[in-house]
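Enquirer: One structure, pasted below without further comment.
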Amino acid sequence: MSVLTAASRRSTGAARSSRLVALAAGLVAAGALAAPAQAALSLTGPMNPQTGFPAWYEDANGTRLELCIADPGCPISPPVLEPVAPNDEAFYSLVGADLTGPAGQTVNMELAIEAAFLDTEVTFGRVQVTMSGMQPNSAYTFTYPYGTAVWTTDANGNMVGGFRAAARHEVGCFAGFATPCDITLGTEIGPFLTWDPAESAPPAGYIGNGLTPHTVVGATNNFVRVEGPGLPLGGIQTSQFTVEGKLAGAPAPIFFVAAGSGDFGTQRVSATVSRTVTIKNNGLAPSQPITATAISGPDAGSFAIGADTCAGATLASGQTCTIAVTFTPASARALSASLDVTDAGATHTVALSGTGGQSALSASPAIVNFLNQNVSTTGPENVVTVDNTGPVSLNVSGAAISGDNAAEFAITKNACTRPVAPGGTCTIGLKFLPGASGPRNATLDIASDAAGSPHSVPLTGTGTVAPGSGTATTPAPTVTVPKLRLDALTVSSRMSLRSVRRRGVHAVVFAPEGAKVIKARLLRNGHVIARTVRKVGGDGVLTVVLPSTKKARRALRAGTYKIQVTAGQDTNHYGVTSSRTVRIR
């Protein structure tokens, strides 16, 4: 999966990913290849919580190597190793040798213990040969650090690409591939090859620098020899290898919290929200016992600790605990603090942040002007748009009309009954029904959780008189409304006390066209003893019963009563009252 010539080291991540696609086929094919069998890697470390791969592999010489990831000491190491297939590969050990024949033939051999992703994590050993310029369809014998094997060229005298992949020695382990999965790999590679200290010592903490060809120690044959057609007697040979690998460090606990765990974003001032901060030991050794959890910092008062499973806990490798943190912003600004987790060795901090915000209301137009409208007629609807200009949702709790001429303006629709997101809008519809000529003024009051509530929008319009009506255009001293009159009101003039106590007083009302509601009252000696308001149905005919409750009916006495019924366009605009006298005996 990696080619170790200078040109190959410059290969892109995309090329490496394409090589991973063939990995599953290579692993399946490995069992059919006649590769040397050795108990090469006998010890495997625990799973590393950071990578999901074995923490290290150890050979018979006691050399223990860990994965190289984002490590300048390993030039081929990837910046990350993510659970995505195909993606970057990482190496425990990566060794390569380049050979050149007298006629310009080139040979590369690579020996790798590596990790990658297919559908899940997979680690494997790979012995791979690349050849070019050799004899077509010819067998070449390789003597290398871990044995002897034969590879055969294609019809062009090469071994590259998929042809090369089919002939790899590849033994690996990943979940679902084999049962049981031998995580010790069973590969022929091992012991690990390291720089020969007789030539020069490797960089501290590594077995080589991954770039400089160098003599090696660690195996029986510390060289590569290739023999076959077109090569000199005795073949071509090298003892120079590029070697990459990192010595495993001592196990230690690693305090880990996912980035952004303590970011609460923007929240409403004085409202409380909660986040759960998950703390994980991403190291290979148990953590020290956690002795305390606390909050500190400039805005500590806006944060608080809730349920806590971390205090007193000792986390094994890969184990987690949780701390619930609440955020109640005290003011409309950016707020910050720290969650401090103290163990026997140190205090670890988790950044806490959040912004307190308030909804803000802006209405347009700033003044709603209905202009001129004939008295007792309804003008076209005007719409007020409500904008939430704050960073949190806006909740409109009500809309009402107030002012000197409030009865002459009406809310026709209110689409602001649901929360309005930051930057969002809603609308309130309005109409104007002047009851008299001249300027008419009122105010739309919008109640909300925004600062400065209620928000007032002035309403204005002018009542006018139609030409030729002969009516003066001076303002009327009082508000008049359309004089709706009942078409008919039918009620029995005489009733028995027993009957009305059982059934009440029944009146049949014939409402006029345009009526939406009727108001009915039952009076005795000028005092109202029962009343009701009813909506008018489609045919305009409805029956009114007064009193409406059994208790009120039982309180009736014999005598003379009056029932009064008035039709209206709405509960603010009623017309002429019709009355009937009822005698109860």
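Each chain in the structure tokens gets a letter, A, B, ..., in the order shown, and its residues are numbered from 1; ligands are numbered from 1 in order too.
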Applying 12 Å and only C-alpha atoms, which residues near Pro191 in chain A remain after dropping the ones on its own chain fewer than 2 positions away? List them as a VMD selection string.

Expert: chain A and resid 38 to 43 57 to 65 93 111 to 113 145 to 146 187 to 189 193 to 194 216 to 222

Enquirer: For the residues in that selection, give me N, CA and C atoms as an mmCIF file, in the first residue's frame.

Expert:
data_model
loop_
_atom_site.group_PDB
_atom_site.id
_atom_site.type_symbol
_atom_site.label_atom_id
_atom_site.label_comp_id
_atom_site.auth_asym_id
_atom_site.auth_seq_id
_atom_site.Cartn_x
_atom_site.Cartn_y
_atom_site.Cartn_z
ATOM 1 N N GLN A 38 6.221 -17.549 10.155
ATOM 2 C CA GLN A 38 6.969 -17.315 11.373
ATOM 3 C C GLN A 38 6.043 -16.724 12.420
ATOM 4 N N ALA A 39 6.320 -17.001 13.686
ATOM 5 C CA ALA A 39 5.617 -16.322 14.771
ATOM 6 C C ALA A 39 6.314 -14.985 14.971
ATOM 7 N N ALA A 40 6.032 -14.046 14.046
ATOM 8 C CA ALA A 40 6.840 -12.835 13.966
ATOM 9 C C ALA A 40 6.481 -11.810 15.029
ATOM 10 N N LEU A 41 5.198 -11.516 15.209
ATOM 11 C CA LEU A 41 4.743 -10.511 16.165
ATOM 12 C C LEU A 41 3.894 -11.215 17.206
ATOM 13 N N SER A 42 4.451 -11.419 18.367
ATOM 14 C CA SER A 42 3.769 -12.243 19.356
ATOM 15 C C SER A 42 3.015 -11.441 20.397
ATOM 16 N N LEU A 43 3.297 -10.140 20.551
ATOM 17 C CA LEU A 43 2.623 -9.332 21.560
ATOM 18 C C LEU A 43 1.917 -8.162 20.909
ATOM 19 N N TYR A 57 2.568 -2.915 18.483
ATOM 20 C CA TYR A 57 2.963 -4.299 18.193
ATOM 21 C C TYR A 57 4.403 -4.476 18.663
ATOM 22 N N GLU A 58 4.697 -5.646 19.236
ATOM 23 C CA GLU A 58 6.041 -5.930 19.751
ATOM 24 C C GLU A 58 6.579 -7.179 19.086
ATOM 25 N N ASP A 59 7.885 -7.140 18.707
ATOM 26 C CA ASP A 59 8.498 -8.301 18.059
ATOM 27 C C ASP A 59 9.260 -9.147 19.064
ATOM 28 N N ALA A 60 9.897 -10.198 18.578
ATOM 29 C CA ALA A 60 10.614 -11.134 19.449
ATOM 30 C C ALA A 60 11.835 -10.498 20.093
ATOM 31 N N ASN A 61 12.329 -9.407 19.533
ATOM 32 C CA ASN A 61 13.474 -8.717 20.127
ATOM 33 C C ASN A 61 13.066 -7.711 21.194
ATOM 34 N N GLY A 62 11.764 -7.579 21.441
ATOM 35 C CA GLY A 62 11.280 -6.626 22.434
ATOM 36 C C GLY A 62 11.110 -5.221 21.908
ATOM 37 N N THR A 63 11.245 -5.032 20.583
ATOM 38 C CA THR A 63 11.007 -3.710 19.993
ATOM 39 C C THR A 63 9.512 -3.495 19.863
ATOM 40 N N ARG A 64 9.027 -2.440 20.440
ATOM 41 C CA ARG A 64 7.586 -2.153 20.488
ATOM 42 C C ARG A 64 7.325 -0.855 19.723
ATOM 43 N N LEU A 65 6.469 -0.935 18.681
ATOM 44 C CA LEU A 65 6.188 0.220 17.822
ATOM 45 C C LEU A 65 4.725 0.604 17.887
ATOM 46 N N SER A 93 5.307 0.037 11.136
ATOM 47 C CA SER A 93 6.632 -0.117 10.558
ATOM 48 C C SER A 93 6.511 -0.023 9.045
ATOM 49 N N LEU A 111 8.044 -3.618 2.976
ATOM 50 C CA LEU A 111 7.628 -4.458 4.096
ATOM 51 C C LEU A 111 6.926 -3.535 5.086
ATOM 52 N N ALA A 112 5.648 -3.772 5.369
ATOM 53 C CA ALA A 112 4.882 -2.816 6.179
ATOM 54 C C ALA A 112 3.965 -3.539 7.160
ATOM 55 N N ILE A 113 3.898 -2.999 8.363
ATOM 56 C CA ILE A 113 2.842 -3.324 9.328
ATOM 57 C C ILE A 113 2.018 -2.058 9.449
ATOM 58 N N PRO A 145 14.699 -10.104 4.089
ATOM 59 C CA PRO A 145 14.916 -10.343 5.517
ATOM 60 C C PRO A 145 14.065 -11.454 6.120
ATOM 61 N N TYR A 146 12.922 -11.757 5.544
ATOM 62 C CA TYR A 146 12.030 -12.720 6.189
ATOM 63 C C TYR A 146 11.854 -13.997 5.388
ATOM 64 N N THR A 187 1.648 -12.403 10.502
ATOM 65 C CA THR A 187 2.419 -12.001 9.329
ATOM 66 C C THR A 187 3.838 -12.557 9.378
ATOM 67 N N GLU A 188 4.477 -12.673 8.216
ATOM 68 C CA GLU A 188 5.875 -13.103 8.151
ATOM 69 C C GLU A 188 6.828 -11.995 8.592
ATOM 70 N N ILE A 189 6.337 -10.734 8.620
ATOM 71 C CA ILE A 189 7.201 -9.608 8.939
ATOM 72 C C ILE A 189 7.506 -9.591 10.433
ATOM 73 N N LEU A 193 12.860 -4.414 11.417
ATOM 74 C CA LEU A 193 14.168 -3.940 10.975
ATOM 75 C C LEU A 193 14.405 -2.533 11.525
ATOM 76 N N THR A 194 15.589 -2.313 12.081
ATOM 77 C CA THR A 194 15.953 -0.989 12.603
ATOM 78 C C THR A 194 17.331 -0.609 12.041
ATOM 79 N N VAL A 216 20.652 -2.200 8.098
ATOM 80 C CA VAL A 216 19.692 -2.544 9.146
ATOM 81 C C VAL A 216 20.145 -3.774 9.900
ATOM 82 N N VAL A 217 19.523 -3.940 11.069
ATOM 83 C CA VAL A 217 19.653 -5.161 11.864
ATOM 84 C C VAL A 217 18.258 -5.590 12.269
ATOM 85 N N GLY A 218 18.148 -6.840 12.722
ATOM 86 C CA GLY A 218 16.871 -7.318 13.239
ATOM 87 C C GLY A 218 16.432 -8.633 12.654
ATOM 88 N N ALA A 219 16.899 -8.995 11.448
ATOM 89 C CA ALA A 219 16.450 -10.227 10.820
ATOM 90 C C ALA A 219 17.657 -11.077 10.426
ATOM 91 N N THR A 220 17.395 -12.267 9.897
ATOM 92 C CA THR A 220 18.476 -13.161 9.467
ATOM 93 C C THR A 220 19.170 -12.613 8.230
ATOM 94 N N ASN A 221 18.374 -12.226 7.243
ATOM 95 C CA ASN A 221 18.924 -11.657 6.008
ATOM 96 C C ASN A 221 18.650 -10.150 6.009
ATOM 97 N N ASN A 222 19.653 -9.376 6.305
ATOM 98 C CA ASN A 222 19.458 -7.935 6.344
ATOM 99 C C ASN A 222 19.799 -7.318 4.988
#

Enquirer: Measure the distance from CA of Arg225 in chain A to CA of Thr141 in chain A in Å and round it to one decimal.

Expert: 8.0 Å

Enquirer: If we count only C-alpha atoms, what is near range 334-351 of chain A at a cut-off of 8 Å, once residues fewer than 6 positions away on the same chain are taken out, given as a PDB file with C-alpha atoms, in the first residue's frame?

Expert:
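Just written: out_29.pdb:
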ATOM      1  CA  PHE A 255      -7.673  13.806  29.699  1.00  0.00           C
ATOM      2  CA  VAL A 257     -13.086  16.406  26.076  1.00  0.00           C
ATOM      3  CA  GLY A 262     -18.854  23.630  26.811  1.00  0.00           C
ATOM      4  CA  ASP A 263     -20.194  25.968  24.102  1.00  0.00           C
ATOM      5  CA  GLN A 288      -5.758   9.477  38.814  1.00  0.00           C
ATOM      6  CA  PRO A 289      -8.881   9.606  41.031  1.00  0.00           C
ATOM      7  CA  ILE A 290     -10.923  12.742  40.300  1.00  0.00           C
ATOM      8  CA  THR A 291     -11.139  14.602  43.590  1.00  0.00           C
ATOM      9  CA  ALA A 292     -13.235  17.649  42.701  1.00  0.00           C
ATOM     10  CA  THR A 293     -15.228  19.403  39.986  1.00  0.00           C
ATOM     11  CA  ALA A 294     -15.909  23.139  40.126  1.00  0.00           C
ATOM     12  CA  ILE A 295     -16.577  26.212  38.013  1.00  0.00           C
ATOM     13  CA  SER A 296     -14.323  29.236  37.987  1.00  0.00           C
ATOM     14  CA  GLY A 297     -13.718  32.289  35.844  1.00  0.00           C
ATOM     15  CA  PRO A 298     -15.086  35.776  35.258  1.00  0.00           C
ATOM     16  CA  ASP A 299     -18.697  34.718  34.677  1.00  0.00           C
ATOM     17  CA  ALA A 300     -18.828  31.642  36.900  1.00  0.00           C
ATOM     18  CA  SER A 302     -23.882  32.165  35.013  1.00  0.00           C
ATOM     19  CA  PHE A 303     -22.856  28.477  35.020  1.00  0.00           C
TER      20      PHE A 303
END

Enquirer: Determine, counting only C-alpha atoms, which protein, DNA and RNA residues have an atom within 8 Å of an atom of range 74-81 of chain A; residues of the same chain fewer than 3 positions away are not included. Present the result as a list in words.

Expert: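 Contacts, in chain order: Arg9, Thr51, Cys68, Ile69, Ala70, Asp71, Asn87, Asp88, Glu89, Ala90, Phe91, Ala116, Asn209, Gly210, Leu211, Glu244, Gly245 and Lys246 of chain A.
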
Enquirer: Please provide as a VMD selection string all residues within 10 Å of range 552-556 of chain A, with the sequence filter that same-chain residues fewer than 6 positions apart are discarded (counting only C-alpha atoms).

Expert: chain A and resid 497 to 505 524 529 to 530 546 584

Enquirer: I'd like the neighbourhood of range 125-138 of chain A as a list of chain:residue names, where a residue qualifies if any of its atoms comes within 6 Å (using only C-alpha atoms), though same-chain residues fewer than 5 positions away should be ignored.

Expert: A:Gln105, A:Thr106, A:Val107, A:Asn108, A:Met109, A:Glu110, A:Leu111, A:Ala112, A:Ile113, A:Thr152, A:Thr153, A:Asp154, A:Ala155, A:Asn156, A:Gly157, A:Asn158, A:Met159, A:Val160, A:Arg168, A:His169, A:Glu170, A:Val171, A:Thr187

Enquirer: Export N, CA and C atoms of the chosen residues as a compact mmCIF listing (two decimals), in the first residue's frame?

Expert:
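Once everything was written out, this is result_38.txt:
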# COMPACT_ATOMS: atom_id res chain seq x y z
N GLN A 105 16.74 -1.97 -15.35
CA GLN A 105 15.61 -2.56 -14.64
C GLN A 105 15.50 -1.95 -13.23
N THR A 106 14.27 -1.81 -12.76
CA THR A 106 14.07 -1.29 -11.40
C THR A 106 13.22 -2.26 -10.59
N VAL A 107 13.57 -2.38 -9.32
CA VAL A 107 12.84 -3.26 -8.39
C VAL A 107 12.67 -2.50 -7.08
N ASN A 108 11.50 -2.61 -6.52
CA ASN A 108 11.25 -2.07 -5.18
C ASN A 108 10.57 -3.15 -4.35
N MET A 109 11.01 -3.28 -3.12
CA MET A 109 10.35 -4.20 -2.18
C MET A 109 9.98 -3.39 -0.95
N GLU A 110 8.75 -3.56 -0.50
CA GLU A 110 8.31 -2.88 0.73
C GLU A 110 7.78 -3.89 1.71
N LEU A 111 8.04 -3.62 2.98
CA LEU A 111 7.63 -4.46 4.10
C LEU A 111 6.93 -3.54 5.09
N ALA A 112 5.65 -3.77 5.37
CA ALA A 112 4.88 -2.82 6.18
C ALA A 112 3.96 -3.54 7.16
N ILE A 113 3.90 -3.00 8.36
CA ILE A 113 2.84 -3.32 9.33
C ILE A 113 2.02 -2.06 9.45
N THR A 152 6.35 -13.23 -10.36
CA THR A 152 6.40 -13.38 -11.82
C THR A 152 5.88 -12.11 -12.49
N THR A 153 6.60 -11.63 -13.51
CA THR A 153 6.22 -10.40 -14.22
C THR A 153 5.06 -10.66 -15.17
N ASP A 154 4.47 -9.56 -15.67
CA ASP A 154 3.37 -9.68 -16.63
C ASP A 154 3.93 -9.74 -18.06
N ALA A 155 3.03 -9.66 -19.03
CA ALA A 155 3.43 -9.79 -20.43
C ALA A 155 4.32 -8.65 -20.90
N ASN A 156 4.39 -7.55 -20.13
CA ASN A 156 5.24 -6.42 -20.48
C ASN A 156 6.53 -6.39 -19.67
N GLY A 157 6.73 -7.40 -18.87
CA GLY A 157 7.94 -7.43 -18.05
C GLY A 157 7.85 -6.57 -16.81
N ASN A 158 6.62 -6.26 -16.37
CA ASN A 158 6.42 -5.40 -15.21
C ASN A 158 5.63 -6.12 -14.13
N MET A 159 5.64 -5.53 -12.95
CA MET A 159 4.74 -5.94 -11.86
C MET A 159 4.30 -4.64 -11.18
N VAL A 160 3.16 -4.14 -11.62
CA VAL A 160 2.64 -2.87 -11.13
C VAL A 160 1.13 -2.98 -10.99
N ARG A 168 0.60 -9.85 -3.69
CA ARG A 168 1.14 -9.46 -2.39
C ARG A 168 1.11 -10.62 -1.41
N HIS A 169 2.02 -10.57 -0.45
CA HIS A 169 1.88 -11.40 0.76
C HIS A 169 1.19 -10.50 1.78
N GLU A 170 -0.05 -10.77 2.08
CA GLU A 170 -0.83 -9.86 2.91
C GLU A 170 -1.66 -10.66 3.90
N VAL A 171 -1.41 -10.47 5.17
CA VAL A 171 -2.15 -11.16 6.22
C VAL A 171 -2.65 -10.09 7.18
N THR A 187 1.65 -12.40 10.50
CA THR A 187 2.42 -12.00 9.33
C THR A 187 3.84 -12.56 9.38

Enquirer: Mind pulling up the distance from CA of Ala360 in chain A to CA of Pro422 in chain A?

Expert: 8.9 Å

Enquirer: DSSP on the backbone, alpha helix (DSSP H) only: what residues of range 18-171 of chain A does that give? Format it as an MDAnalysis selection string.

Expert: chainID A and resid 18:21 23:30 161:165

Enquirer: Would you put the residues from that selection into a file with N, CA, C and O atoms, as a PDB file, in the first residue's frame?

Expert:
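Below you can see out_11.pdb, which holds the result:
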ATOM      1  N   SER A  18      -6.828   4.921  -3.248  1.00  0.00           N
ATOM      2  CA  SER A  18      -7.181   3.937  -4.275  1.00  0.00           C
ATOM      3  C   SER A  18      -6.548   2.596  -3.968  1.00  0.00           C
ATOM      4  O   SER A  18      -7.099   1.540  -4.293  1.00  0.00           O
ATOM      5  N   ARG A  19      -5.356   2.597  -3.345  1.00  0.00           N
ATOM      6  CA  ARG A  19      -4.732   1.323  -3.001  1.00  0.00           C
ATOM      7  C   ARG A  19      -5.514   0.599  -1.910  1.00  0.00           C
ATOM      8  O   ARG A  19      -5.503  -0.634  -1.846  1.00  0.00           O
ATOM      9  N   LEU A  20      -6.202   1.353  -1.049  1.00  0.00           N
ATOM     10  CA  LEU A  20      -6.985   0.714   0.009  1.00  0.00           C
ATOM     11  C   LEU A  20      -8.155  -0.071  -0.542  1.00  0.00           C
ATOM     12  O   LEU A  20      -8.611  -1.034   0.057  1.00  0.00           O
ATOM     13  N   VAL A  21      -8.682   0.351  -1.706  1.00  0.00           N
ATOM     14  CA  VAL A  21      -9.834  -0.334  -2.265  1.00  0.00           C
ATOM     15  C   VAL A  21      -9.536  -1.795  -2.524  1.00  0.00           C
ATOM     16  O   VAL A  21     -10.395  -2.667  -2.409  1.00  0.00           O
ATOM     17  N   LEU A  23      -7.626  -3.668  -0.740  1.00  0.00           N
ATOM     18  CA  LEU A  23      -7.144  -4.337   0.460  1.00  0.00           C
ATOM     19  C   LEU A  23      -7.916  -5.602   0.779  1.00  0.00           C
ATOM     20  O   LEU A  23      -7.323  -6.643   1.066  1.00  0.00           O
ATOM     21  N   ALA A  24      -9.239  -5.557   0.711  1.00  0.00           N
ATOM     22  CA  ALA A  24     -10.022  -6.731   1.077  1.00  0.00           C
ATOM     23  C   ALA A  24      -9.680  -7.915   0.195  1.00  0.00           C
ATOM     24  O   ALA A  24      -9.492  -9.044   0.660  1.00  0.00           O
ATOM     25  N   ALA A  25      -9.561  -7.671  -1.125  1.00  0.00           N
ATOM     26  CA  ALA A  25      -9.210  -8.749  -2.035  1.00  0.00           C
ATOM     27  C   ALA A  25      -7.835  -9.293  -1.714  1.00  0.00           C
ATOM     28  O   ALA A  25      -7.588 -10.509  -1.773  1.00  0.00           O
ATOM     29  N   GLY A  26      -6.900  -8.402  -1.353  1.00  0.00           N
ATOM     30  CA  GLY A  26      -5.556  -8.847  -1.025  1.00  0.00           C
ATOM     31  C   GLY A  26      -5.535  -9.705   0.215  1.00  0.00           C
ATOM     32  O   GLY A  26      -4.827 -10.705   0.282  1.00  0.00           O
ATOM     33  N   LEU A  27      -6.326  -9.360   1.222  1.00  0.00           N
ATOM     34  CA  LEU A  27      -6.363 -10.155   2.443  1.00  0.00           C
ATOM     35  C   LEU A  27      -6.931 -11.539   2.186  1.00  0.00           C
ATOM     36  O   LEU A  27      -6.474 -12.539   2.719  1.00  0.00           O
ATOM     37  N   VAL A  28      -7.977 -11.576   1.345  1.00  0.00           N
ATOM     38  CA  VAL A  28      -8.570 -12.873   1.031  1.00  0.00           C
ATOM     39  C   VAL A  28      -7.583 -13.739   0.274  1.00  0.00           C
ATOM     40  O   VAL A  28      -7.463 -14.944   0.492  1.00  0.00           O
ATOM     41  N   ALA A  29      -6.801 -13.114  -0.651  1.00  0.00           N
ATOM     42  CA  ALA A  29      -5.873 -13.874  -1.468  1.00  0.00           C
ATOM     43  C   ALA A  29      -4.663 -14.341  -0.681  1.00  0.00           C
ATOM     44  O   ALA A  29      -3.974 -15.286  -1.094  1.00  0.00           O
ATOM     45  N   ALA A  30      -4.383 -13.718   0.468  1.00  0.00           N
ATOM     46  CA  ALA A  30      -3.144 -14.005   1.174  1.00  0.00           C
ATOM     47  C   ALA A  30      -3.037 -15.459   1.585  1.00  0.00           C
ATOM     48  O   ALA A  30      -1.949 -16.028   1.600  1.00  0.00           O
ATOM     49  N   GLY A 161       0.539  -1.966 -10.347  1.00  0.00           N
ATOM     50  CA  GLY A 161      -0.915  -1.835 -10.272  1.00  0.00           C
ATOM     51  C   GLY A 161      -1.606  -3.065  -9.712  1.00  0.00           C
ATOM     52  O   GLY A 161      -1.141  -3.718  -8.773  1.00  0.00           O
ATOM     53  N   GLY A 162      -2.754  -3.386 -10.346  1.00  0.00           N
ATOM     54  CA  GLY A 162      -3.546  -4.515  -9.864  1.00  0.00           C
ATOM     55  C   GLY A 162      -2.839  -5.842  -9.998  1.00  0.00           C
ATOM     56  O   GLY A 162      -3.044  -6.764  -9.199  1.00  0.00           O
ATOM     57  N   PHE A 163      -1.970  -5.980 -11.023  1.00  0.00           N
ATOM     58  CA  PHE A 163      -1.197  -7.215 -11.182  1.00  0.00           C
ATOM     59  C   PHE A 163      -0.294  -7.423  -9.975  1.00  0.00           C
ATOM     60  O   PHE A 163      -0.164  -8.524  -9.456  1.00  0.00           O
ATOM     61  N   ARG A 164       0.323  -6.342  -9.525  1.00  0.00           N
ATOM     62  CA  ARG A 164       1.176  -6.399  -8.343  1.00  0.00           C
ATOM     63  C   ARG A 164       0.349  -6.721  -7.102  1.00  0.00           C
ATOM     64  O   ARG A 164       0.735  -7.541  -6.262  1.00  0.00           O
ATOM     65  N   ALA A 165      -0.834  -6.051  -6.980  1.00  0.00           N
ATOM     66  CA  ALA A 165      -1.669  -6.230  -5.781  1.00  0.00           C
ATOM     67  C   ALA A 165      -2.097  -7.677  -5.611  1.00  0.00           C
ATOM     68  O   ALA A 165      -2.202  -8.187  -4.489  1.00  0.00           O
TER      69      ALA A 165
END

Enquirer: By how many Å are CA of Ile367 in chain A and CA of Cys426 in chain A apart?

Expert: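 The value is 17.0 Å.
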
Enquirer: To test your reading of the structure, identify every residue in range 190-423 of chain A that backbone DSSP assigns to strand (DSSP E or B), and report it as a ChimeraX atom specification.

Expert: /A:194-195,206,214,216-217,224-227,236-238,241-247,255-257,263-268,273-281,290-296,303-308,320-327,334-343,347-357,361-364,368-374,382-388,394,396-402,409-414,420

Enquirer: For the residues in the current selection, export C-alpha atoms as a short mmCIF file (atom, residue, chain, number, x, y, z; two decimals), in the first residue's frame.

Expert:
data_model
loop_
_atom_site.label_atom_id
_atom_site.label_comp_id
_atom_site.auth_asym_id
_atom_site.auth_seq_id
_atom_site.Cartn_x
_atom_site.Cartn_y
_atom_site.Cartn_z
CA THR A 194 15.95 -0.99 12.60
CA TRP A 195 18.92 1.13 11.62
CA TYR A 206 12.40 6.08 16.26
CA HIS A 214 20.67 2.75 5.73
CA VAL A 216 19.69 -2.54 9.15
CA VAL A 217 19.65 -5.16 11.86
CA VAL A 224 17.33 -7.95 -0.56
CA ARG A 225 18.62 -10.02 -3.52
CA VAL A 226 16.77 -10.53 -6.80
CA GLU A 227 17.71 -13.31 -9.24
CA ILE A 236 21.26 -7.77 -7.98
CA GLN A 237 21.41 -6.99 -4.27
CA THR A 238 21.17 -4.15 -1.72
CA PHE A 241 16.74 0.26 3.41
CA THR A 242 14.55 3.24 4.24
CA VAL A 243 13.08 2.59 7.69
CA GLU A 244 10.17 4.36 9.39
CA GLY A 245 8.68 3.55 12.79
CA LYS A 246 8.11 5.09 16.21
CA LEU A 247 8.98 3.45 19.50
CA PHE A 255 -7.67 13.81 29.70
CA PHE A 256 -9.97 14.31 26.69
CA VAL A 257 -13.09 16.41 26.08
CA ASP A 263 -20.19 25.97 24.10
CA PHE A 264 -23.79 26.93 24.92
CA GLY A 265 -24.27 29.29 21.98
CA THR A 266 -26.73 32.17 22.35
CA GLN A 267 -29.46 31.76 24.95
CA ARG A 268 -32.17 34.01 26.33
CA VAL A 273 -30.25 25.47 29.43
CA SER A 274 -28.16 22.38 30.12
CA ARG A 275 -25.28 20.60 28.38
CA THR A 276 -23.61 17.33 29.28
CA VAL A 277 -19.82 17.43 29.20
CA THR A 278 -18.34 13.96 28.58
CA ILE A 279 -14.82 13.39 29.87
CA LYS A 280 -12.83 10.47 28.47
CA ASN A 281 -9.52 8.88 29.37
CA ILE A 290 -10.92 12.74 40.30
CA THR A 291 -11.14 14.60 43.59
CA ALA A 292 -13.24 17.65 42.70
CA THR A 293 -15.23 19.40 39.99
CA ALA A 294 -15.91 23.14 40.13
CA ILE A 295 -16.58 26.21 38.01
CA SER A 296 -14.32 29.24 37.99
CA PHE A 303 -22.86 28.48 35.02
CA ALA A 304 -23.59 25.68 37.48
CA ILE A 305 -22.81 21.97 37.90
CA GLY A 306 -25.70 19.50 37.97
CA ALA A 307 -25.54 15.71 37.87
CA ASP A 308 -21.90 14.63 38.16
CA THR A 320 -15.89 8.09 30.27
CA CYS A 321 -17.76 10.06 32.92
CA THR A 322 -20.20 12.97 32.58
CA ILE A 323 -20.87 16.33 34.19
CA ALA A 324 -24.11 18.23 33.54
CA VAL A 325 -23.52 21.98 33.32
CA THR A 326 -26.30 24.57 33.23
CA PHE A 327 -26.06 28.03 31.69
CA ALA A 334 -20.63 37.06 25.80
CA LEU A 335 -19.98 35.08 29.00
CA SER A 336 -17.14 32.69 29.82
CA ALA A 337 -15.92 30.45 32.62
CA SER A 338 -14.08 27.15 33.14
CA LEU A 339 -15.14 23.72 34.32
CA ASP A 340 -12.25 22.56 36.51
CA VAL A 341 -11.74 18.81 36.93
CA THR A 342 -9.09 18.03 39.53
CA ASP A 343 -7.41 14.66 39.98
CA THR A 347 -6.41 20.29 37.36
CA HIS A 348 -7.85 20.00 33.85
CA THR A 349 -10.03 22.78 32.48
CA VAL A 350 -12.91 22.69 30.03
CA ALA A 351 -13.79 26.05 28.47
CA LEU A 352 -17.37 27.17 29.08
CA SER A 353 -18.85 29.87 26.91
CA GLY A 354 -22.20 31.30 25.93
CA THR A 355 -23.89 34.53 24.99
CA GLY A 356 -26.89 36.03 26.71
CA GLY A 357 -29.40 37.51 24.29
CA LEU A 361 -39.02 43.75 18.00
CA SER A 362 -39.22 46.09 15.05
CA ALA A 363 -42.51 46.82 13.27
CA SER A 364 -43.06 48.28 9.84
CA VAL A 368 -50.18 52.73 9.60
CA ASN A 369 -52.13 55.35 7.62
CA PHE A 370 -55.45 54.22 6.17
CA LEU A 371 -55.89 57.62 4.43
CA ASN A 372 -59.50 58.61 3.54
CA GLN A 373 -62.38 56.21 4.08
CA ASN A 374 -66.13 56.89 3.85
CA ASN A 382 -53.21 47.08 5.90
CA VAL A 383 -50.49 44.76 7.22
CA VAL A 384 -47.95 45.39 9.95
CA THR A 385 -44.79 43.27 9.61
CA VAL A 386 -43.13 42.32 12.89
CA ASP A 387 -39.38 41.60 12.66
CA ASN A 388 -37.34 39.77 15.30
CA LEU A 394 -39.41 36.35 19.78
CA VAL A 396 -45.61 37.68 20.87
CA SER A 397 -48.13 37.24 23.67
CA GLY A 398 -50.88 39.47 22.33
CA ALA A 399 -51.99 42.27 20.05
CA ALA A 400 -54.71 44.81 20.89
CA ILE A 401 -55.95 48.22 19.81
CA SER A 402 -56.22 51.15 22.21
CA PHE A 409 -59.93 49.93 13.90
CA ALA A 410 -59.88 46.14 13.99
CA ILE A 411 -57.34 43.31 13.91
CA THR A 412 -58.33 41.07 11.00
CA LYS A 413 -55.61 38.45 11.44
CA ASN A 414 -52.71 37.72 13.77
CA VAL A 420 -40.48 34.04 15.57
#

Enquirer: Given the choices A:Leu67, A:Val565, A:Val465, A:Leu523, which gets closest to Val508 in chain A if the distance is worked out from only C-alpha atoms?

Expert: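 Checking each of A:Leu67, A:Val565, A:Val465, A:Leu523 against Val508 in chain A, counting only C-alpha atoms, the winner is A:Val565.
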